file input.txt (compact mmCIF, C-alpha atoms)
# COMPACT_ATOMS: atom_id res chain seq x y z
CA MET A 178 0.00 0.00 0.00
CA GLN A 179 1.36 3.41 -0.90
CA ALA A 180 0.56 6.89 0.43
CA ASN A 181 2.10 10.15 -0.69
CA LEU A 182 1.25 13.70 -1.67
CA ASN A 183 1.98 13.78 -5.36
CA GLY A 184 1.35 10.20 -6.44
CA ILE A 185 5.07 9.69 -7.02
CA SER A 186 6.26 6.09 -6.85
CA ASP A 187 9.83 4.86 -6.57
CA ASP A 188 10.19 1.18 -7.61
CA TYR A 189 10.25 -0.16 -4.06
CA ASP A 190 6.63 0.21 -2.97
CA GLU A 191 5.93 -3.55 -3.13
CA ILE A 192 8.68 -4.70 -0.79
CA SER A 193 7.03 -4.00 2.54
CA SER A 194 3.78 -4.75 4.32
CA HIS A 195 3.68 -1.36 6.05
CA VAL A 196 2.24 1.74 4.38
CA TYR A 197 4.79 2.83 1.81
CA SER A 198 5.46 6.46 0.93
CA SER A 199 8.26 7.53 -1.39
CA GLU A 200 8.47 10.93 0.31
CA ASN A 201 7.64 12.72 3.55
CA ILE A 202 3.96 13.22 4.32
CA PRO A 203 2.29 15.41 6.98
CA GLY A 204 1.63 13.60 10.25
CA VAL A 205 0.18 14.47 13.65
CA GLY A 206 0.97 18.03 14.72
CA CYS A 207 2.68 18.91 11.46
CA ASN A 208 2.23 22.41 10.05
CA LEU A 209 0.35 21.68 6.82
CA GLU A 210 1.38 25.05 5.37
CA GLN A 211 4.92 23.72 5.17
CA PHE A 212 3.78 21.15 2.61
CA GLU A 213 1.61 23.60 0.71
CA THR A 214 4.26 26.33 0.50
CA GLN A 215 6.51 26.15 -2.53
CA ILE A 216 10.15 27.18 -2.33
CA CYS A 217 10.01 30.89 -3.15
CA ASN A 218 13.45 30.93 -4.77
CA THR A 219 13.80 30.10 -8.46
CA CYS A 220 16.71 30.49 -10.85
CA GLU A 221 16.61 32.00 -14.31
CA CYS A 222 19.61 30.14 -15.70
CA PHE A 223 19.71 29.49 -19.42
CA PRO A 224 19.32 25.76 -20.13
CA GLU A 225 22.61 25.66 -22.02
CA ASP A 226 24.47 27.02 -18.97
CA CYS A 227 23.41 24.07 -16.79
CA CYS A 228 23.19 26.30 -13.68
CA PRO A 229 26.76 27.57 -13.19
CA GLU A 230 27.83 28.03 -9.57
CA ASN A 231 28.52 31.75 -9.88
CA ASN A 232 25.11 32.61 -11.42
CA CYS A 233 22.51 30.09 -10.20
CA SER A 234 20.47 31.58 -7.36
CA CYS A 235 19.52 28.11 -6.08
CA ILE A 236 23.17 27.16 -5.66
CA LYS A 237 23.90 30.54 -4.06
CA LEU A 238 21.10 29.87 -1.57
CA SER A 239 22.87 26.60 -0.72
CA HIS A 240 26.07 28.53 0.08
CA GLY A 241 28.25 26.61 -2.34
CA VAL A 242 28.16 24.03 -5.09
CA ASN A 243 25.93 21.06 -4.28
CA TYR A 244 26.87 18.40 -6.82
CA GLU A 245 29.95 17.51 -8.81
CA LEU A 246 30.61 15.19 -11.73
CA TYR A 247 32.93 12.39 -10.62
CA ARG A 248 33.88 9.32 -12.67
CA GLY A 249 30.99 10.02 -14.99
CA THR A 250 28.36 10.24 -12.25
CA LYS A 251 26.85 13.02 -10.15
CA THR A 252 27.95 13.13 -6.50
CA VAL A 253 27.37 15.49 -3.60
CA SER A 254 30.32 17.82 -3.04
CA ASN A 255 32.84 16.91 -0.34
CA THR A 256 32.07 20.18 1.45
CA LYS A 257 28.45 19.15 1.94
CA LEU A 258 29.26 15.51 2.70
CA ASN A 259 31.84 16.29 5.39
CA SER A 260 29.76 18.89 7.25
CA THR A 261 26.81 18.45 9.58
CA PRO A 262 23.26 19.77 9.15
CA CYS A 263 23.81 22.03 12.16
CA SER A 264 26.90 23.77 10.78
CA SER A 265 26.01 23.92 7.09
CA TYR A 266 23.09 25.11 5.02
CA SER A 267 20.65 22.73 3.43
CA ILE A 268 21.01 21.83 -0.23
CA PHE A 269 18.53 23.71 -2.41
CA GLU A 270 17.98 21.91 -5.70
CA CYS A 271 16.51 23.68 -8.69
CA ASN A 272 12.74 23.19 -8.65
CA GLN A 273 9.77 22.97 -10.99
CA MET A 274 9.54 26.76 -11.27
CA CYS A 275 13.15 27.22 -12.41
CA SER A 276 13.89 28.05 -16.03
CA CYS A 277 16.30 25.09 -16.23
CA SER A 278 13.47 22.58 -15.71
CA ASN A 279 13.83 21.06 -19.18
CA SER A 280 17.61 20.86 -19.25
CA PRO A 281 20.21 18.40 -17.84
CA CYS A 282 20.74 20.62 -14.80
CA ILE A 283 23.76 19.93 -12.56
CA ASN A 284 21.72 21.01 -9.52
CA ARG A 285 19.09 18.25 -9.70
CA LEU A 286 19.61 14.78 -8.23
CA VAL A 287 17.56 13.77 -5.18
CA GLN A 288 14.28 14.79 -6.85
CA PHE A 289 14.69 11.96 -9.38
CA GLY A 290 14.26 9.30 -6.69
CA PRO A 291 16.39 6.48 -5.23
CA ARG A 292 18.96 4.43 -7.06
CA LYS A 293 17.75 1.21 -8.66
CA SER A 294 20.18 -1.29 -7.12
CA LEU A 295 18.74 -1.52 -3.59
CA TYR A 296 17.31 -4.68 -2.07
CA LEU A 297 16.43 -6.11 1.34
CA LYS A 298 18.14 -9.06 2.97
CA SER A 299 17.65 -10.71 6.34
CA CYS A 300 20.72 -10.56 8.60
CA PRO A 301 21.38 -12.45 11.85
CA GLN A 302 20.52 -10.37 14.95
CA LYS A 303 19.52 -7.38 12.78
CA GLY A 304 16.43 -8.42 10.86
CA LEU A 305 15.91 -6.84 7.44
CA CYS A 306 18.85 -4.81 6.14
CA LEU A 307 19.35 -2.67 3.04
CA PHE A 308 21.94 -3.82 0.47
CA THR A 309 23.08 -2.73 -2.98
CA SER A 310 23.53 -5.08 -5.93
CA LEU A 311 25.83 -2.59 -7.70
CA PRO A 312 28.77 -0.49 -6.43
CA ILE A 313 27.99 2.96 -5.05
CA LEU A 314 30.65 5.66 -5.31
CA LYS A 315 31.42 8.05 -2.47
CA GLY A 316 29.01 10.98 -2.63
CA GLU A 317 26.37 9.25 -4.74
CA PHE A 318 22.73 9.57 -3.69
CA ILE A 319 21.17 6.37 -2.33
CA CYS A 320 17.61 7.10 -1.18
CA GLU A 321 15.54 9.23 1.16
CA TYR A 322 14.72 8.52 4.78
CA ALA A 323 11.00 9.30 4.42
CA GLY A 324 8.06 9.09 6.76
CA GLU A 325 5.54 11.15 8.70
CA VAL A 326 6.60 14.68 9.59
CA ILE A 327 5.32 15.18 13.14
CA SER A 328 5.48 17.73 15.92
CA ARG A 329 7.85 17.62 18.88
CA ALA A 330 4.93 16.88 21.23
CA GLU A 331 3.77 13.96 19.07
CA ALA A 332 7.32 12.62 18.86
CA LYS A 333 7.58 12.59 22.64
CA ARG A 334 4.22 10.85 22.93
CA ARG A 335 5.27 8.12 20.50
CA LEU A 336 8.63 7.66 22.18
CA ASP A 337 7.03 7.27 25.60
CA LEU A 338 4.46 4.81 24.23
CA ASP A 339 7.06 2.69 22.46
CA SER A 340 9.27 2.69 25.53
CA ARG A 341 6.44 1.33 27.68
CA SER A 342 5.76 -1.32 25.02
CA SER A 343 9.46 -2.25 24.69
CA LYS A 344 9.34 -1.34 21.00
CA MET A 345 12.00 0.31 18.84
CA ASN A 346 11.32 3.78 17.50
CA TYR A 347 13.00 5.17 14.39
CA ILE A 348 12.19 8.86 14.76
CA PHE A 349 14.78 11.11 13.12
CA PHE A 350 15.22 14.57 14.61
CA LEU A 351 16.84 17.20 12.37
CA ARG A 352 17.87 20.62 13.65
CA GLU A 353 19.23 23.14 11.14
CA ASN A 354 20.81 26.50 11.99
CA PHE A 355 19.97 29.24 9.53
CA THR A 356 20.92 32.92 9.83
CA ASN A 357 18.48 33.95 12.55
CA GLU A 358 16.48 30.84 13.31
CA VAL A 359 16.66 27.15 14.11
CA VAL A 360 14.47 24.91 11.95
CA GLU A 361 13.39 21.52 13.29
CA THR A 362 12.10 18.62 11.21
CA ILE A 363 10.99 15.40 12.92
CA VAL A 364 10.35 12.34 10.73
CA ASP A 365 8.89 9.03 11.88
CA PRO A 366 8.87 6.12 9.36
CA SER A 367 7.62 3.51 11.85
CA SER A 368 4.16 3.10 10.25
CA ILE A 369 4.50 5.08 7.03
CA GLY A 370 7.87 5.22 5.31
CA ASN A 371 10.07 4.13 2.43
CA ILE A 372 12.98 1.79 1.82
CA GLY A 373 15.30 4.05 3.83
CA ARG A 374 13.72 2.83 7.09
CA TYR A 375 15.64 -0.46 6.70
CA ILE A 376 19.08 1.14 6.95
CA ASN A 377 20.72 -0.10 10.14
CA HIS A 378 23.06 1.67 12.50
CA SER A 379 26.83 1.15 12.34
CA CYS A 380 29.62 2.57 14.45
CA SER A 381 31.53 2.86 11.12
CA PRO A 382 28.75 3.93 8.74
CA ASN A 383 29.19 4.11 4.98
CA ALA A 384 26.30 6.56 4.43
CA ALA A 385 25.04 9.83 5.92
CA ILE A 386 21.97 12.09 5.80
CA ILE A 387 22.01 15.56 4.24
CA PRO A 388 18.83 17.73 4.15
CA VAL A 389 17.78 18.60 0.58
CA ARG A 390 14.96 20.97 -0.40
CA VAL A 391 13.31 20.85 -3.82
CA ASP A 392 9.73 22.17 -4.20
CA SER A 393 8.83 22.39 -0.51
CA VAL A 394 10.20 24.03 2.61
CA VAL A 395 10.11 20.56 4.21
CA PRO A 396 13.54 19.00 3.60
CA LYS A 397 14.10 15.58 2.13
CA LEU A 398 16.40 13.55 4.41
CA ALA A 399 18.68 12.45 1.59
CA ILE A 400 21.13 9.60 2.21
CA PHE A 401 24.50 9.76 0.44
CA ALA A 402 27.44 7.35 0.44
CA LYS A 403 30.23 8.49 2.79
CA SER A 404 32.68 6.12 1.13
CA ASP A 405 32.72 3.75 -1.83
CA ILE A 406 30.29 0.87 -1.16
CA MET A 407 31.01 -2.40 -2.92
CA ALA A 408 28.33 -4.51 -4.57
CA GLU A 409 26.44 -6.88 -2.22
CA LYS A 410 27.41 -4.78 0.81
CA GLU A 411 25.03 -3.51 3.47
CA ILE A 412 24.25 0.22 3.56
CA THR A 413 24.56 1.67 7.06
CA MET A 414 24.44 5.04 8.78
CA SER A 415 24.96 6.39 12.28
CA TYR A 416 21.82 6.78 14.38
CA SER A 417 23.47 9.71 16.12
CA THR A 418 24.89 12.55 14.05
CA GLY A 419 25.18 15.39 16.54
CA ALA A 420 22.79 18.04 15.26
CA SER A 421 20.44 15.42 13.87
CA SER A 422 19.58 12.39 15.94
CA MET A 423 17.89 9.07 15.46
CA VAL A 424 16.00 8.68 18.71
CA HIS A 425 15.31 5.31 20.28
CA SER A 426 12.97 4.64 23.15
CA LEU A 427 13.96 1.34 24.72
CA PRO A 428 13.92 -0.50 28.06
CA GLN A 429 16.63 0.90 30.32
CA ASP A 430 17.47 3.28 27.42
CA LEU A 431 20.08 0.83 26.15
CA LYS A 432 20.05 -1.68 23.32
CA PRO A 433 22.99 -3.76 22.11
CA CYS A 434 24.60 -2.73 18.85
CA ASN A 435 25.09 -5.56 16.35
CA CYS A 436 27.17 -3.73 13.74
CA LEU A 437 30.22 -5.98 14.46
CA GLU A 438 32.66 -3.17 13.59
CA GLU A 439 36.05 -3.07 15.33
CA ASN A 440 35.20 0.29 16.89
CA CYS A 441 31.71 -0.78 18.02
CA VAL A 442 30.69 0.88 21.29
CA LYS A 443 28.40 -2.11 22.08
CA TYR A 444 25.20 -0.06 22.41
CA LEU A 445 23.02 1.89 19.99
CA PRO A 446 22.97 5.67 20.45
CA ASN A 447 20.07 6.98 22.49
CA ASP A 448 20.18 10.75 22.08
CA ASN A 449 17.69 12.57 24.30
CA ILE A 450 16.21 15.49 22.33
CA PHE A 451 13.72 16.40 25.03

call {"tool": "encode", "arguments": {"input": "input.txt", "output": "structure tokens"}}
result
Amino acid sequence: MQANLNGISDDYDEISSHVYSSENIPGVGCNLEQFETQICNTCECFPEDCCPENNCSCIKLSHGVNYELYRGTKTVSNTKLNSTPCSSYSIFECNQMCSCSNSPCINRLVQFGPRKSLYLKSCPQKGLCLFTSLPILKGEFICEYAGEVISRAEAKRRLDLDSRSSKMNYIFFLRENFTNEVVETIVDPSSIGNIGRYINHSCSPNAAIIPVRVDSVVPKLAIFAKSDIMAEKEITMSYSTGASSMVHSLPQDLKPCNCLEENCVKYLPNDNIF
């Protein structure tokens, strides 16, 4: 079953029994105006220019180039990949109102959906995990971490409920620092989500989340490869990234980590955002 705002499908909506959504949808306590408001910025780049860094207003809004061509593919820039959502500005991709909409624009990537090589596989002690059948280069886009966008109060309610029921909670809390304000986005894929919900934690992750805005002020939690990922390897990310946190409500607030990395700290992160 699939639920989303624009009827957009990504090729993975038949893999799960839970409600599948290829993008974020408004949930309890969410400000609906955020989903209805289009990004006010548009660029007027000529199609043949392919949105040059020094002229494209969308790239300027992002405070630096977003994507680079590397080994014949489009990858997120190292500056964006190596920073945190708290210390850097979100990526603003060119949107449907931009004059470059019908050209091979360098500033469009996440809006085209997840890569095609992803599949699920059952792993001992972990359950379902996300793998890739083809190599993924460092900086390449993998998929979104999509779900319900909810309020802080609703997030706390769900965390408390899951804790009492000894259930895992996969709420992702994003805090971004802009010039004069802090913007919070809270996403819960527990009941409604996409293939990104199957990415497990690792103490040595090979992927990371970067907020990307396209046609809405609500960011897409875009997952990019932090390093080259070989074919048939599991895709992992850290459940604690400082400014943005994957929050788990669990008995005794501790759950063993099964990443099996040499630097494993033995327990999953349990960042308290409240």

call {"tool": "residues_around", "arguments": {"input": "input.txt", "residues": "A:Cys306", "least_positions_apart": "6", "cutoff": "7 Å", "atoms": "only C-alpha atoms", "output": "number ranges by chain"}}
result
A: 297-300, 375-377, 411

call {"tool": "closest_residue", "arguments": {"input": "input.txt", "among": "A:Ile319, A:Phe269, A:Tyr189, A:Cys233", "to": "A:Lys251", "atoms": "all atoms listed in the file"}}
result
A:Ile319

call {"tool": "closest_residue", "arguments": {"input": "input.txt", "among": "A:Cys207, A:Val395, A:Ile313, A:Leu295", "to": "A:Arg329", "atoms": "all atoms listed in the file"}}
result
A:Cys207

call {"tool": "closest_residue", "arguments": {"input": "input.txt", "among": "A:Ile348, A:Ile400, A:Val394, A:Ser379", "to": "A:Lys443", "atoms": "all atoms listed in the file"}}
result
A:Ser379

call {"tool": "residues_around", "arguments": {"input": "input.txt", "residues": "A:Ala399", "least_positions_apart": "4", "cutoff": "8 Å", "atoms": "all atoms listed in the file", "output": "PDB file with C-alpha atoms, in the coordinates of the input"}}
result
ATOM      1  CA  VAL A 287      17.560  13.770  -5.180  1.00  0.00           C
ATOM      2  CA  PHE A 318      22.730   9.570  -3.690  1.00  0.00           C
ATOM      3  CA  ILE A 319      21.170   6.370  -2.330  1.00  0.00           C
ATOM      4  CA  CYS A 320      17.610   7.100  -1.180  1.00  0.00           C
ATOM      5  CA  GLU A 321      15.540   9.230   1.160  1.00  0.00           C
ATOM      6  CA  TYR A 322      14.720   8.520   4.780  1.00  0.00           C
ATOM      7  CA  ILE A 386      21.970  12.090   5.800  1.00  0.00           C
ATOM      8  CA  ILE A 387      22.010  15.560   4.240  1.00  0.00           C
ATOM      9  CA  PRO A 388      18.830  17.730   4.150  1.00  0.00           C
ATOM     10  CA  VAL A 389      17.780  18.600   0.580  1.00  0.00           C
TER      11      VAL A 389
END

call {"tool": "closest_residue", "arguments": {"input": "input.txt", "among": "A:Glu331, A:Pro312, A:Ser393, A:Phe350", "to": "A:Glu210", "atoms": "all atoms listed in the file"}}
result
A:Ser393

call {"tool": "residues_around", "arguments": {"input": "input.txt", "residues": "A:Gly316", "least_positions_apart": "3", "cutoff": "6 Å", "atoms": "only C-alpha atoms", "output": "list in words"}}
result
Thr252, Val253, Phe401 and Ala402 of chain A

call {"tool": "axis_aligned_box", "arguments": {"input": "input.txt", "around": "stretch 280-298 of chain A", "padding_each_side": "5 Å", "output": "JSON"}}
result
{"center_x": 19.0, "center_y": 6.0, "center_z": -8.1, "size_x": 19.5, "size_y": 40.1, "size_z": 32.2}

call {"tool": "residues_around", "arguments": {"input": "input.txt", "residues": "A:Ile236", "least_positions_apart": "5", "cutoff": "8 Å", "atoms": "all atoms listed in the file", "output": "PyMOL selection string"}}
result
chain A and resi 230+241-243+268-270+284

call {"tool": "residues_around", "arguments": {"input": "input.txt", "residues": "A:Ser234", "least_positions_apart": "2", "cutoff": "12 Å", "atoms": "all atoms listed in the file", "output": "JSON, numbers by chain"}}
result
{"A": [217, 218, 219, 220, 221, 222, 228, 229, 230, 231, 232, 236, 237, 238, 239, 240, 241, 242, 269, 270, 271, 272, 275, 276, 277, 284]}

call {"tool": "closest_residue", "arguments": {"input": "input.txt", "among": "A:Ile192, A:Ala384, A:Leu258, A:Val364", "to": "A:Ser415", "atoms": "all atoms listed in the file"}}
result
A:Ala384

call {"tool": "residues_near_point", "arguments": {"input": "input.txt", "point": "(35.2, 8.0, 17.9)", "cutoff": "10 Å", "atoms": "all atoms listed in the file", "output": "PyMOL selection string"}}
result
chain A and resi 380-381+440-442
